[in-house]
Every structure is written in structure tokens, then in C-alpha cells.
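What's in protein.pdb: PDB, C-alpha atoms
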```pdb
ATOM      1  CA  MET A   1     122.326 231.306 -15.323
ATOM      2  CA  LYS A   2     119.451 233.724 -14.980
ATOM      3  CA  PRO A   3     115.906 233.253 -16.284
ATOM      4  CA  ALA A   4     114.684 234.978 -19.405
ATOM      5  CA  PRO A   5     112.669 238.174 -18.774
ATOM      6  CA  PHE A   6     109.065 237.668 -17.639
ATOM      7  CA  GLU A   7     106.160 239.536 -16.087
ATOM      8  CA  TYR A   8     105.386 238.628 -12.480
ATOM      9  CA  HIS A   9     101.879 238.381 -11.017
ATOM     10  CA  ALA A  10     101.022 237.565  -7.391
ATOM     11  CA  PRO A  11      97.233 237.170  -7.101
ATOM     12  CA  SER A  12      95.739 236.876  -3.625
ATOM     13  CA  THR A  13      92.642 234.894  -4.663
ATOM     14  CA  LEU A  14      91.986 231.861  -6.811
ATOM     15  CA  ASP A  15      89.608 233.840  -9.030
ATOM     16  CA  GLU A  16      92.380 236.336  -9.823
ATOM     17  CA  ALA A  17      94.763 233.531 -10.729
ATOM     18  CA  LEU A  18      92.178 231.856 -12.951
ATOM     19  CA  SER A  19      91.513 235.129 -14.750
ATOM     20  CA  LEU A  20      95.221 235.607 -15.433
ATOM     21  CA  LEU A  21      95.523 232.066 -16.714
ATOM     22  CA  SER A  22      92.452 232.480 -18.915
ATOM     23  CA  GLU A  23      93.800 235.712 -20.354
ATOM     24  CA  HIS A  24      97.357 234.613 -21.051
ATOM     25  CA  GLY A  25      97.021 230.851 -21.645
ATOM     26  CA  ASP A  26     100.221 229.029 -22.609
ATOM     27  CA  ASP A  27     102.270 232.199 -22.096
ATOM     28  CA  ALA A  28     101.716 231.961 -18.324
ATOM     29  CA  LYS A  29     103.298 229.521 -15.873
ATOM     30  CA  LEU A  30     102.055 228.819 -12.352
ATOM     31  CA  LEU A  31     104.537 229.073  -9.479
ATOM     32  CA  ALA A  32     103.782 226.919  -6.433
ATOM     33  CA  GLY A  33     106.804 225.746  -4.419
ATOM     34  CA  GLY A  34     109.107 226.482  -7.338
ATOM     35  CA  GLN A  35     111.451 223.585  -6.602
ATOM     36  CA  SER A  36     111.246 222.307 -10.176
ATOM     37  CA  LEU A  37     110.133 225.387 -12.118
ATOM     38  CA  VAL A  38     112.722 227.877 -10.866
ATOM     39  CA  PRO A  39     115.783 225.741 -11.754
ATOM     40  CA  ALA A  40     114.240 225.047 -15.180
ATOM     41  CA  MET A  41     113.774 228.792 -15.698
ATOM     42  CA  ASN A  42     117.323 229.513 -14.565
ATOM     43  CA  PHE A  43     118.643 227.091 -17.181
ATOM     44  CA  ARG A  44     116.164 228.592 -19.687
ATOM     45  CA  ILE A  45     114.631 225.201 -20.332
ATOM     46  CA  VAL A  46     111.332 226.932 -19.590
ATOM     47  CA  GLN A  47     110.827 230.573 -20.608
ATOM     48  CA  PRO A  48     107.337 231.764 -19.634
ATOM     49  CA  GLY A  49     106.285 235.255 -20.602
ATOM     50  CA  ARG A  50     104.368 235.573 -17.331
ATOM     51  CA  LEU A  51     104.756 233.955 -13.937
ATOM     52  CA  VAL A  52     101.625 233.613 -11.789
ATOM     53  CA  ASP A  53     102.664 233.097  -8.156
ATOM     54  CA  LEU A  54     100.076 231.102  -6.164
ATOM     55  CA  ASN A  55     101.736 231.492  -2.766
ATOM     56  CA  ARG A  56      99.449 234.289  -1.553
ATOM     57  CA  ILE A  57      96.309 232.244  -2.198
ATOM     58  CA  THR A  58      95.725 230.913   1.312
ATOM     59  CA  GLU A  59      92.433 229.259   0.329
ATOM     60  CA  LEU A  60      94.437 226.532  -1.443
ATOM     61  CA  SER A  61      96.437 225.502   1.645
ATOM     62  CA  TYR A  62      94.599 223.064   3.935
ATOM     63  CA  ILE A  63      94.319 219.442   5.046
ATOM     64  CA  ARG A  64      90.979 218.340   6.481
ATOM     65  CA  GLU A  65      88.808 215.289   6.974
ATOM     66  CA  ASP A  66      85.454 215.242   5.213
ATOM     67  CA  GLY A  67      83.405 212.116   5.843
ATOM     68  CA  ASN A  68      85.489 209.171   4.682
ATOM     69  CA  VAL A  69      87.995 211.196   2.634
ATOM     70  CA  ILE A  70      90.800 213.650   3.302
ATOM     71  CA  ARG A  71      90.828 216.853   1.273
ATOM     72  CA  VAL A  72      94.203 218.457   0.637
ATOM     73  CA  GLY A  73      94.564 221.898  -0.920
ATOM     74  CA  ALA A  74      96.999 221.945  -3.807
ATOM     75  CA  MET A  75      99.206 224.521  -2.049
ATOM     76  CA  ALA A  76      99.624 222.431   1.111
ATOM     77  CA  ARG A  77     103.339 221.972   1.729
ATOM     78  CA  GLU A  78     104.814 218.498   1.519
ATOM     79  CA  ARG A  79     106.153 218.945   5.048
ATOM     80  CA  HIS A  80     102.604 219.555   6.329
ATOM     81  CA  VAL A  81     101.423 216.378   4.613
ATOM     82  CA  GLU A  82     104.306 214.485   6.186
ATOM     83  CA  PHE A  83     103.300 215.374   9.749
ATOM     84  CA  ASP A  84      99.514 215.713   9.511
ATOM     85  CA  PRO A  85      97.775 213.345  11.984
ATOM     86  CA  SER A  86      94.800 212.716   9.676
ATOM     87  CA  ILE A  87      97.136 211.607   6.886
ATOM     88  CA  ALA A  88      98.994 209.311   9.289
ATOM     89  CA  LYS A  89      95.755 207.743  10.546
ATOM     90  CA  HIS A  90      93.742 207.330   7.365
ATOM     91  CA  THR A  91      96.328 207.168   4.541
ATOM     92  CA  PRO A  92      99.405 205.688   6.272
ATOM     93  CA  LEU A  93     100.987 204.821   2.921
ATOM     94  CA  LEU A  94     101.326 208.539   2.161
ATOM     95  CA  HIS A  95     102.574 209.213   5.685
ATOM     96  CA  GLU A  96     105.234 206.504   5.360
ATOM     97  CA  ALA A  97     106.390 207.603   1.905
ATOM     98  CA  ALA A  98     106.498 211.371   2.481
ATOM     99  CA  PRO A  99     109.976 211.442   4.131
ATOM    100  CA  ASN A 100     111.395 209.959   0.920
ATOM    101  CA  ILE A 101     110.502 213.100  -1.041
ATOM    102  CA  ALA A 102     113.833 214.894  -1.589
ATOM    103  CA  HIS A 103     115.205 216.668   1.519
ATOM    104  CA  PRO A 104     113.454 218.406   4.455
ATOM    105  CA  GLN A 105     114.393 221.807   3.020
ATOM    106  CA  ILE A 106     112.677 220.869  -0.253
ATOM    107  CA  ARG A 107     109.584 219.530   1.528
ATOM    108  CA  ASN A 108     109.325 222.737   3.573
ATOM    109  CA  ARG A 109     108.742 224.672   0.371
ATOM    110  CA  GLY A 110     107.441 222.129  -2.123
ATOM    111  CA  THR A 111     103.679 221.712  -2.485
ATOM    112  CA  ILE A 112     101.679 218.555  -3.011
ATOM    113  CA  GLY A 113      99.905 220.081  -6.017
ATOM    114  CA  GLY A 114     103.102 221.345  -7.612
ATOM    115  CA  SER A 115     104.743 217.919  -7.493
ATOM    116  CA  ILE A 116     101.656 216.191  -8.845
ATOM    117  CA  VAL A 117     101.273 218.621 -11.761
ATOM    118  CA  ASN A 118     104.991 218.406 -12.579
ATOM    119  CA  ALA A 119     104.374 214.681 -13.228
ATOM    120  CA  ASP A 120     108.012 213.645 -12.930
ATOM    121  CA  PRO A 121     108.266 209.858 -13.557
ATOM    122  CA  ALA A 122     110.802 209.636 -10.713
ATOM    123  CA  ALA A 123     108.649 211.516  -8.177
ATOM    124  CA  GLU A 124     106.899 209.823  -5.280
ATOM    125  CA  LEU A 125     103.630 211.765  -5.130
ATOM    126  CA  PRO A 126     102.229 210.769  -8.563
ATOM    127  CA  VAL A 127     102.826 207.117  -7.638
ATOM    128  CA  LEU A 128     101.060 207.584  -4.313
ATOM    129  CA  MET A 129      98.094 209.274  -5.973
ATOM    130  CA  LEU A 130      97.573 206.216  -8.181
ATOM    131  CA  ALA A 131      98.077 203.776  -5.330
ATOM    132  CA  LEU A 132      95.571 205.613  -3.120
ATOM    133  CA  ASP A 133      92.914 206.072  -5.831
ATOM    134  CA  ALA A 134      93.053 209.841  -5.441
ATOM    135  CA  ARG A 135      90.761 212.224  -7.281
ATOM    136  CA  LEU A 136      92.058 215.589  -8.414
ATOM    137  CA  LYS A 137      89.929 218.709  -8.786
ATOM    138  CA  ALA A 138      90.790 221.048 -11.662
ATOM    139  CA  LYS A 139      89.234 224.477 -11.988
ATOM    140  CA  ASN A 140      89.043 227.219 -14.625
ATOM    141  CA  ASN A 141      86.881 230.270 -15.178
ATOM    142  CA  SER A 142      84.075 228.137 -16.566
ATOM    143  CA  GLY A 143      83.801 225.653 -13.722
ATOM    144  CA  GLU A 144      85.493 222.643 -12.176
ATOM    145  CA  ARG A 145      85.917 218.942 -12.846
ATOM    146  CA  TRP A 146      87.248 215.884 -11.050
ATOM    147  CA  ILE A 147      89.912 213.688 -12.658
ATOM    148  CA  ASN A 148      90.830 210.227 -11.389
ATOM    149  CA  ALA A 149      94.549 209.782 -10.789
ATOM    150  CA  GLN A 150      94.695 207.004 -13.385
ATOM    151  CA  GLU A 151      93.560 209.461 -16.071
ATOM    152  CA  PHE A 152      95.426 212.484 -14.727
ATOM    153  CA  PHE A 153      98.966 211.361 -15.614
ATOM    154  CA  VAL A 154      99.209 211.018 -19.388
ATOM    155  CA  GLY A 155     102.969 211.033 -20.075
ATOM    156  CA  MET A 156     106.357 212.300 -19.030
ATOM    157  CA  PHE A 157     105.873 215.698 -17.338
ATOM    158  CA  THR A 158     102.380 215.756 -18.861
ATOM    159  CA  THR A 159      98.942 215.711 -17.233
ATOM    160  CA  ALA A 160      95.306 215.949 -18.310
ATOM    161  CA  LEU A 161      95.085 219.576 -17.149
ATOM    162  CA  GLU A 162      94.031 222.080 -19.798
ATOM    163  CA  PRO A 163      96.141 225.268 -20.241
ATOM    164  CA  ASP A 164      93.555 227.387 -18.421
ATOM    165  CA  GLU A 165      93.053 224.953 -15.495
ATOM    166  CA  ILE A 166      94.572 224.948 -12.020
ATOM    167  CA  LEU A 167      94.756 221.897  -9.781
ATOM    168  CA  VAL A 168      93.024 223.090  -6.622
ATOM    169  CA  GLU A 169      92.347 220.018  -4.471
ATOM    170  CA  ILE A 170      93.326 216.405  -3.925
ATOM    171  CA  GLU A 171      90.752 213.979  -2.513
ATOM    172  CA  LEU A 172      92.184 210.932  -0.734
ATOM    173  CA  PRO A 173      89.791 208.163   0.361
ATOM    174  CA  PHE A 174      90.457 206.515   3.713
ATOM    175  CA  MET A 175      92.322 203.259   3.258
ATOM    176  CA  PRO A 176      89.931 200.270   3.555
ATOM    177  CA  ASN A 177      89.830 198.050   6.621
ATOM    178  CA  ARG A 178      92.147 195.015   6.656
ATOM    179  CA  THR A 179      94.540 196.827   4.322
ATOM    180  CA  GLY A 180      98.302 196.695   4.633
ATOM    181  CA  TRP A 181     100.674 199.098   2.947
ATOM    182  CA  SER A 182     104.344 199.514   2.144
ATOM    183  CA  PHE A 183     106.553 201.948   0.253
ATOM    184  CA  MET A 184     110.201 201.325  -0.540
ATOM    185  CA  GLU A 185     112.727 202.873  -2.896
ATOM    186  CA  VAL A 186     116.447 202.708  -3.649
ATOM    187  CA  ALA A 187     118.371 205.942  -4.249
ATOM    188  CA  PRO A 188     122.117 206.674  -4.603
ATOM    189  CA  ARG A 189     121.863 208.853  -1.473
ATOM    190  CA  ALA A 190     119.055 209.863   0.852
ATOM    191  CA  GLY A 191     117.074 212.625  -0.850
ATOM    192  CA  ASP A 192     118.313 211.810  -4.370
ATOM    193  CA  TYR A 193     115.957 210.705  -7.115
ATOM    194  CA  ALA A 194     115.224 207.023  -6.640
ATOM    195  CA  LEU A 195     116.596 204.468  -9.091
ATOM    196  CA  MET A 196     113.403 202.486  -8.500
ATOM    197  CA  GLY A 197     110.526 202.586  -6.045
ATOM    198  CA  VAL A 198     107.249 200.802  -5.423
ATOM    199  CA  ALA A 199     104.069 201.393  -3.429
ATOM    200  CA  ALA A 200     102.163 198.251  -2.457
ATOM    201  CA  LEU A 201      98.710 197.778  -0.956
ATOM    202  CA  VAL A 202      97.083 194.487   0.073
ATOM    203  CA  THR A 203      93.500 194.165   1.330
ATOM    204  CA  LEU A 204      92.403 190.869   2.910
ATOM    205  CA  ASP A 205      88.880 189.480   3.098
ATOM    206  CA  ASP A 206      87.310 187.915   6.205
ATOM    207  CA  ALA A 207      88.915 184.569   5.374
ATOM    208  CA  GLY A 208      92.385 186.079   5.105
ATOM    209  CA  LYS A 209      92.574 185.808   1.326
ATOM    210  CA  CYS A 210      93.707 188.684  -0.868
ATOM    211  CA  GLU A 211      90.632 190.707  -1.757
ATOM    212  CA  SER A 212      92.609 193.250  -3.765
ATOM    213  CA  ALA A 213      96.187 194.383  -4.315
ATOM    214  CA  LYS A 214      97.956 197.282  -5.936
ATOM    215  CA  LEU A 215     101.526 197.775  -7.166
ATOM    216  CA  VAL A 216     102.614 201.167  -8.509
ATOM    217  CA  TYR A 217     106.186 202.001  -9.563
ATOM    218  CA  LEU A 218     108.257 205.153  -9.914
ATOM    219  CA  ASN A 219     111.083 205.687 -12.408
ATOM    220  CA  ALA A 220     109.736 202.672 -14.282
ATOM    221  CA  GLY A 221     108.269 204.341 -17.379
ATOM    222  CA  ASP A 222     107.134 207.723 -18.674
ATOM    223  CA  GLY A 223     104.919 208.200 -15.612
ATOM    224  CA  PRO A 224     103.762 206.276 -12.564
ATOM    225  CA  VAL A 225     103.318 202.647 -13.639
ATOM    226  CA  ASN A 226     100.376 200.666 -12.289
ATOM    227  CA  ALA A 227     101.206 196.941 -12.552
ATOM    228  CA  LYS A 228      97.621 195.739 -12.844
ATOM    229  CA  GLU A 229      98.351 192.220 -14.117
ATOM    230  CA  ALA A 230     100.727 191.367 -11.288
ATOM    231  CA  ALA A 231      98.323 192.749  -8.700
ATOM    232  CA  GLU A 232      95.370 190.904 -10.253
ATOM    233  CA  SER A 233      97.267 187.596 -10.043
ATOM    234  CA  LEU A 234      97.146 187.857  -6.246
ATOM    235  CA  LYS A 235      93.390 188.408  -5.998
ATOM    236  CA  GLY A 236      91.443 185.624  -4.282
ATOM    237  CA  GLU A 237      94.598 183.847  -3.128
ATOM    238  CA  ASN A 238      96.112 182.969   0.213
ATOM    239  CA  LEU A 239      99.326 184.867  -0.338
ATOM    240  CA  ASN A 240     102.552 182.946   0.103
ATOM    241  CA  GLU A 241     106.148 183.429  -0.920
ATOM    242  CA  LYS A 242     105.726 181.644  -4.242
ATOM    243  CA  LEU A 243     102.781 183.801  -5.318
ATOM    244  CA  ILE A 244     104.523 186.979  -4.215
ATOM    245  CA  GLU A 245     107.702 186.087  -6.093
ATOM    246  CA  SER A 246     105.688 185.227  -9.207
ATOM    247  CA  ALA A 247     103.861 188.591  -9.104
ATOM    248  CA  ALA A 248     107.142 190.432  -8.577
ATOM    249  CA  ALA A 249     108.765 188.650 -11.520
ATOM    250  CA  HIS A 250     105.823 189.407 -13.814
ATOM    251  CA  ALA A 251     105.711 193.098 -12.899
ATOM    252  CA  SER A 252     109.454 193.631 -13.212
ATOM    253  CA  LYS A 253     109.763 191.781 -16.527
ATOM    254  CA  ASN A 254     106.520 192.645 -18.310
ATOM    255  CA  GLU A 255     104.791 195.699 -16.858
ATOM    256  CA  ILE A 256     107.501 198.310 -16.349
ATOM    257  CA  THR A 257     109.690 200.005 -18.957
ATOM    258  CA  PRO A 258     112.619 201.644 -17.132
ATOM    259  CA  PHE A 259     114.860 203.874 -19.217
ATOM    260  CA  GLY A 260     118.078 203.722 -17.219
ATOM    261  CA  ASN A 261     120.235 206.785 -16.549
ATOM    262  CA  VAL A 262     123.792 207.781 -15.642
ATOM    263  CA  HIS A 263     123.451 205.910 -12.338
ATOM    264  CA  THR A 264     121.936 202.637 -13.491
ATOM    265  CA  SER A 265     120.884 200.430 -16.380
ATOM    266  CA  PRO A 266     117.340 199.325 -17.239
ATOM    267  CA  GLU A 267     118.345 195.762 -16.358
ATOM    268  CA  PHE A 268     119.399 196.778 -12.850
ATOM    269  CA  GLN A 269     116.215 198.807 -12.425
ATOM    270  CA  ARG A 270     114.208 195.668 -13.253
ATOM    271  CA  HIS A 271     116.229 193.759 -10.660
ATOM    272  CA  LEU A 272     115.501 196.451  -8.076
ATOM    273  CA  ALA A 273     111.810 196.378  -8.967
ATOM    274  CA  ASN A 274     111.709 192.622  -8.433
ATOM    275  CA  VAL A 275     113.418 192.791  -5.034
ATOM    276  CA  LEU A 276     111.407 195.790  -3.825
ATOM    277  CA  THR A 277     108.115 194.227  -4.930
ATOM    278  CA  ILE A 278     108.784 191.093  -2.902
ATOM    279  CA  ARG A 279     109.719 193.138   0.151
ATOM    280  CA  THR A 280     106.811 195.558  -0.053
ATOM    281  CA  LEU A 281     104.224 192.845  -0.653
ATOM    282  CA  LYS A 282     105.483 190.879   2.338
ATOM    283  CA  GLN A 283     105.360 193.943   4.552
ATOM    284  CA  ALA A 284     101.917 194.961   3.282
ATOM    285  CA  LEU A 285     100.616 191.425   3.848
ATOM    286  CA  GLN A 286     101.986 191.379   7.389
ATOM    287  CA  ARG A 287     100.372 194.723   8.192
ATOM    288  CA  ALA A 288      97.057 193.645   6.672
ATOM    289  CA  GLY A 289      97.118 190.539   8.866
ATOM    290  CA  GLU A 290      97.921 192.560  11.979
ATOM    291  CA  SER A 291      94.958 194.866  11.315
ATOM    292  CA  GLN A 292      92.426 192.012  11.304
TER
END
```
Could you express the structure from this file as C-alpha cells?
Amino acid sequence: MKPAPFEYHAPSTLDEALSLLSEHGDDAKLLAGGQSLVPAMNFRIVQPGRLVDLNRITELSYIREDGNVIRVGAMARERHVEFDPSIAKHTPLLHEAAPNIAHPQIRNRGTIGGSIVNADPAAELPVLMLALDARLKAKNNSGERWINAQEFFVGMFTTALEPDEILVEIELPFMPNRTGWSFMEVAPRAGDYALMGVAALVTLDDAGKCESAKLVYLNAGDGPVNAKEAAESLKGENLNEKLIESAAAHASKNEITPFGNVHTSPEFQRHLANVLTIRTLKQALQRAGESQ
């Protein structure tokens, strides 16, 4: 199919884009990589009156260190994130997970900001933003504001962005010392949407006990699911197989709400979540121990 008729705008600066968005509001849609928006327009699921193409705004494409955080422009390509040495060094969870995002051809074009704003419950980047305690900078004609990842994702394909706001930057803190990480997912084929996935982080104290942990799931609810209770149960403990299995069972039974789809049932998704949680926690624990 072909998209419904629309007006096309290609601003070369962020200010121009913000002015267009302010003027046209809900009638305008932002085009970043276009990997989700263009197919939706072709099927006429989405029919914007105006398309504002952000690809000429070079000021939104960067990855740089700034003190103890990494700043990523919203138009940075997923492929750039995948191979950036600063990402690999300071946020290795993101570096490890990036190759799981669709296919190389998709990552060449897709942007980190576009995927985050799309807020697909089965996407990897929203999960990683929660796991890494990212902050997201939104901007409109009146000013800018920072939104914590936990507050940014508010529902299926829905974020806290206002109609006149553009996501312009992602701030990623360096992972703490003595922290291990792991990301695993199960998909029908490489590059397909995952049936279930989990990002795990474990930070150890000087005595080798769990100082903090984090478990965040994809395709387990109407957005990225942060299993706080399961992670909290590990805090202050010398992690062993029994504790890990108990946390995995609690998260998979009580903290996720998978919907199932044509490829799987909710019951099998819970089974996958349980298995993946055990595996990721063990790997994260091992890496945390090796870093001491």
C-alpha cells in the first residue's frame, strides 16, 4: 500500500523542527530512522498530515563522554551505538545488547531516539534505558526538561513526551564499579522480535554481597517491565543458586504480564523469563566477581 497524502518538511536545525512541531501539533509526525513509522504509514495505520524529517539535523547525532556520563544524540544510529568504544567501556550492557536489535540493515538506519520514542514493548532499547538508569532530555520552543527512564515509558507505544516536544539527548551514567551485566533474549530467528528478553545488573559490595540488582524485561507487559521485588530480594545477600532461582520464579510469576502472540503463549513466555533470569543473573554475578 501507499501512505495517505501528507506535507513533507526537512528542517536543517533543531529550532526549525521545534517551530514546525509547535505550529502543527498532533497533525505532524517526526521521521527519524523511519523503520517503524514508514511501514505504519504504508499500511495507513498512521496518517499524519505533515511529516517532519529530522535527518538533516546533524546537531542531534553524536556520542561523547562528559564527566561520568555518556551523552548520545537522539539521531545517533543504532549501528554507531553498537560499535562506539565509549559505550563498550562504560555501558557494556548496552554494547552487548545492541547486536540483538533487529538486523544490521535496520541498525544502519534506525536511531536510538526513534526506537526509544516508539516505546515498543518488544524493543530492546527501552529496556536498556531502564536498566541503565538513563535520563532523557525533551525540548520544545519553551525550553527543555529531563525525564528519568522510569517515568518516560507510560504504556504501549506511549511516552511522557508532550505533542510539541522532541527527544534530543540520552544521558547514560557510567556503570558502577564491581558491577556485572548480562542481556539475553529468545527469538524465533535472529533479528526477529524476541519472545522474551531480560537485562540483568548485579553490583557487589566490598564483602562480595549484593549491593544492588536490577532485572528489566521486554515483551513482558505494555512496556519495559522493571521487576523491583525480585531484584530487591537479592540485596544484601551472598548470591547463590537458591536465591537466584527464587528471584527468577518471583519475577516470572508475579511481576511480568506477558500477552502471548501467534508464536507463543503467555505461559511459555513466563517459562522463558524464568530460565533467562537465572542465566543472566549467574552471568552478571560472575562478571561482577571478576571485576573486583
Closest atom pairs, residues of range 117-207 of chain A within 10 Å of range 76-92 of chain A, all atoms listed in the file, as JSON lines:
```
{"residue": "A:Leu125", "atom": "CA", "partner": "A:Glu78", "partner_atom": "CA", "distance": 9.5}
{"residue": "A:Leu132", "atom": "CA", "partner": "A:Thr91", "partner_atom": "CA", "distance": 7.9}
{"residue": "A:Glu169", "atom": "CA", "partner": "A:Ala76", "partner_atom": "CA", "distance": 9.5}
{"residue": "A:Leu172", "atom": "CA", "partner": "A:Thr91", "partner_atom": "CA", "distance": 7.7}
{"residue": "A:Pro173", "atom": "CA", "partner": "A:Thr91", "partner_atom": "CA", "distance": 7.8}
{"residue": "A:Phe174", "atom": "CA", "partner": "A:His90", "partner_atom": "CA", "distance": 5.0}
{"residue": "A:Met175", "atom": "CA", "partner": "A:Thr91", "partner_atom": "CA", "distance": 5.7}
{"residue": "A:Pro176", "atom": "CA", "partner": "A:His90", "partner_atom": "CA", "distance": 8.9}
{"residue": "A:Gly180", "atom": "CA", "partner": "A:Pro92", "partner_atom": "CA", "distance": 9.2}
{"residue": "A:Trp181", "atom": "CA", "partner": "A:Pro92", "partner_atom": "CA", "distance": 7.5}
{"residue": "A:Ser182", "atom": "CA", "partner": "A:Pro92", "partner_atom": "CA", "distance": 8.9}
```
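Nearest to Val168 in chain A of all the residues A:Ser61, A:Gln47, A:Ser212, A:Ser291 is A:Ser61, counting only C-alpha atoms.
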Check which residues satisfy the PyMOL selection byres ((chain A and resi 199) around 6) in the file shown, then give them as a PyMOL selection string. chain A and resi 182-183+198+200+215-216
Using the chain letters and numbers from the file, give me the residues hit by the PyMOL selection byres ((chain A and resi 254-266) around 12), as a PyMOL selection string. chain A and resi 121-122+156+186-189+192-198+215-231+246-253+267-274
Could you check the closest approach to Asn100 in chain A for each of A:Ile63, A:Leu51, A:Ile244, A:Ala123 and tell me which residue wins, using only C-alpha atoms? A:Ala123
Report as number ranges by chain the full result of the PyMOL selection byres ((chain A and resi 26) around 12) when it is applied to this structure. A: 20-25, 27-30, 46-52, 162-165
Mind writing the picked residues with C-alpha atoms as an mmCIF file, in the coordinates of the input?
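part.cif, written as the output of this step:
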```cif
data_model
loop_
_atom_site.group_PDB
_atom_site.id
_atom_site.type_symbol
_atom_site.label_atom_id
_atom_site.label_comp_id
_atom_site.auth_asym_id
_atom_site.auth_seq_id
_atom_site.Cartn_x
_atom_site.Cartn_y
_atom_site.Cartn_z
ATOM 1 C CA LEU A 20 95.221 235.607 -15.433
ATOM 2 C CA LEU A 21 95.523 232.066 -16.714
ATOM 3 C CA SER A 22 92.452 232.480 -18.915
ATOM 4 C CA GLU A 23 93.800 235.712 -20.354
ATOM 5 C CA HIS A 24 97.357 234.613 -21.051
ATOM 6 C CA GLY A 25 97.021 230.851 -21.645
ATOM 7 C CA ASP A 27 102.270 232.199 -22.096
ATOM 8 C CA ALA A 28 101.716 231.961 -18.324
ATOM 9 C CA LYS A 29 103.298 229.521 -15.873
ATOM 10 C CA LEU A 30 102.055 228.819 -12.352
ATOM 11 C CA VAL A 46 111.332 226.932 -19.590
ATOM 12 C CA GLN A 47 110.827 230.573 -20.608
ATOM 13 C CA PRO A 48 107.337 231.764 -19.634
ATOM 14 C CA GLY A 49 106.285 235.255 -20.602
ATOM 15 C CA ARG A 50 104.368 235.573 -17.331
ATOM 16 C CA LEU A 51 104.756 233.955 -13.937
ATOM 17 C CA VAL A 52 101.625 233.613 -11.789
ATOM 18 C CA GLU A 162 94.031 222.080 -19.798
ATOM 19 C CA PRO A 163 96.141 225.268 -20.241
ATOM 20 C CA ASP A 164 93.555 227.387 -18.421
ATOM 21 C CA GLU A 165 93.053 224.953 -15.495
#
```
Can you write out as a Markdown table which residues of range 90-154 of chain A fall within 8 Å of range 33-45 of chain A, alongside each residue's closest atom pair and its distance in Å to one decimal, counting all atoms listed in the file and ordering rows by chain and ascending residue number?
```
| residue | atom | partner | partner_atom | distance |
| --- | --- | --- | --- | --- |
| A:Ile106 | CA | A:Gln35 | CA | 7.0 |
| A:Arg109 | CA | A:Gly33 | CA | 5.3 |
| A:Gly110 | CA | A:Gly33 | CA | 4.3 |
| A:Thr111 | CA | A:Gly33 | CA | 5.5 |
| A:Gly114 | CA | A:Gly33 | CA | 6.6 |
| A:Asn118 | CA | A:Ser36 | CA | 7.8 |
```
With C-alpha atoms retained, export the selected residues as an mmCIF file, keeping the file's coordinate frame.
```
data_model
loop_
_atom_site.group_PDB
_atom_site.id
_atom_site.type_symbol
_atom_site.label_atom_id
_atom_site.label_comp_id
_atom_site.auth_asym_id
_atom_site.auth_seq_id
_atom_site.Cartn_x
_atom_site.Cartn_y
_atom_site.Cartn_z
ATOM 1 C CA ILE A 106 112.677 220.869 -0.253
ATOM 2 C CA ARG A 109 108.742 224.672 0.371
ATOM 3 C CA GLY A 110 107.441 222.129 -2.123
ATOM 4 C CA THR A 111 103.679 221.712 -2.485
ATOM 5 C CA GLY A 114 103.102 221.345 -7.612
ATOM 6 C CA ASN A 118 104.991 218.406 -12.579
#
```
Long-range neighbours of Gly113 in chain A as an NGL selection string, 8 Å cut-off, all atoms listed in the file, 3 positions minimum in chain: :A and (32 or 73-76 or 116-117 or 167-170)
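Picture a line from CA of Lys235 in chain A to CA of Phe153 in chain A; it runs 25.5 Å.
Here CA of Met1 in chain A is placed at a distance of 22.8 Å from CA of Phe157 in chain A.
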How would range 152-164 of chain A look with N, CA and C atoms restored, written as a PDB file, keeping the file's coordinate frame?
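As a result, part_37.pdb now contains:
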```
ATOM      1  N   PHE A 152      94.778 211.180 -14.865  1.00  0.00           N
ATOM      2  CA  PHE A 152      95.426 212.484 -14.727  1.00  0.00           C
ATOM      3  C   PHE A 152      96.822 212.492 -15.342  1.00  0.00           C
ATOM      4  N   PHE A 153      97.581 211.418 -15.131  1.00  0.00           N
ATOM      5  CA  PHE A 153      98.966 211.361 -15.614  1.00  0.00           C
ATOM      6  C   PHE A 153      98.975 210.716 -16.997  1.00  0.00           C
ATOM      7  N   VAL A 154      99.329 211.499 -18.013  1.00  0.00           N
ATOM      8  CA  VAL A 154      99.209 211.018 -19.388  1.00  0.00           C
ATOM      9  C   VAL A 154     100.563 210.841 -20.091  1.00  0.00           C
ATOM     10  N   GLY A 155     101.656 211.191 -19.461  1.00  0.00           N
ATOM     11  CA  GLY A 155     102.969 211.033 -20.075  1.00  0.00           C
ATOM     12  C   GLY A 155     104.036 211.726 -19.252  1.00  0.00           C
ATOM     13  N   MET A 156     105.248 211.690 -19.755  1.00  0.00           N
ATOM     14  CA  MET A 156     106.357 212.300 -19.030  1.00  0.00           C
ATOM     15  C   MET A 156     106.143 213.810 -18.885  1.00  0.00           C
ATOM     16  N   PHE A 157     106.086 214.284 -17.653  1.00  0.00           N
ATOM     17  CA  PHE A 157     105.873 215.698 -17.338  1.00  0.00           C
ATOM     18  C   PHE A 157     104.588 216.238 -17.974  1.00  0.00           C
ATOM     19  N   THR A 158     103.612 215.363 -18.175  1.00  0.00           N
ATOM     20  CA  THR A 158     102.380 215.756 -18.861  1.00  0.00           C
ATOM     21  C   THR A 158     101.171 215.237 -18.099  1.00  0.00           C
ATOM     22  N   THR A 159     100.175 216.101 -17.914  1.00  0.00           N
ATOM     23  CA  THR A 159      98.942 215.711 -17.233  1.00  0.00           C
ATOM     24  C   THR A 159      97.729 216.045 -18.098  1.00  0.00           C
ATOM     25  N   ALA A 160      96.556 215.688 -17.598  1.00  0.00           N
ATOM     26  CA  ALA A 160      95.306 215.949 -18.310  1.00  0.00           C
ATOM     27  C   ALA A 160      94.793 217.363 -18.100  1.00  0.00           C
ATOM     28  N   LEU A 161      95.520 218.198 -17.355  1.00  0.00           N
ATOM     29  CA  LEU A 161      95.085 219.576 -17.149  1.00  0.00           C
ATOM     30  C   LEU A 161      95.102 220.363 -18.456  1.00  0.00           C
ATOM     31  N   GLU A 162      94.063 221.175 -18.647  1.00  0.00           N
ATOM     32  CA  GLU A 162      94.031 222.080 -19.798  1.00  0.00           C
ATOM     33  C   GLU A 162      94.854 223.336 -19.468  1.00  0.00           C
ATOM     34  N   PRO A 163      95.291 224.091 -20.488  1.00  0.00           N
ATOM     35  CA  PRO A 163      96.141 225.268 -20.241  1.00  0.00           C
ATOM     36  C   PRO A 163      95.528 226.306 -19.308  1.00  0.00           C
ATOM     37  N   ASP A 164      94.193 226.368 -19.264  1.00  0.00           N
ATOM     38  CA  ASP A 164      93.555 227.387 -18.421  1.00  0.00           C
ATOM     39  C   ASP A 164      93.086 226.832 -17.076  1.00  0.00           C
TER      40      ASP A 164
END
```
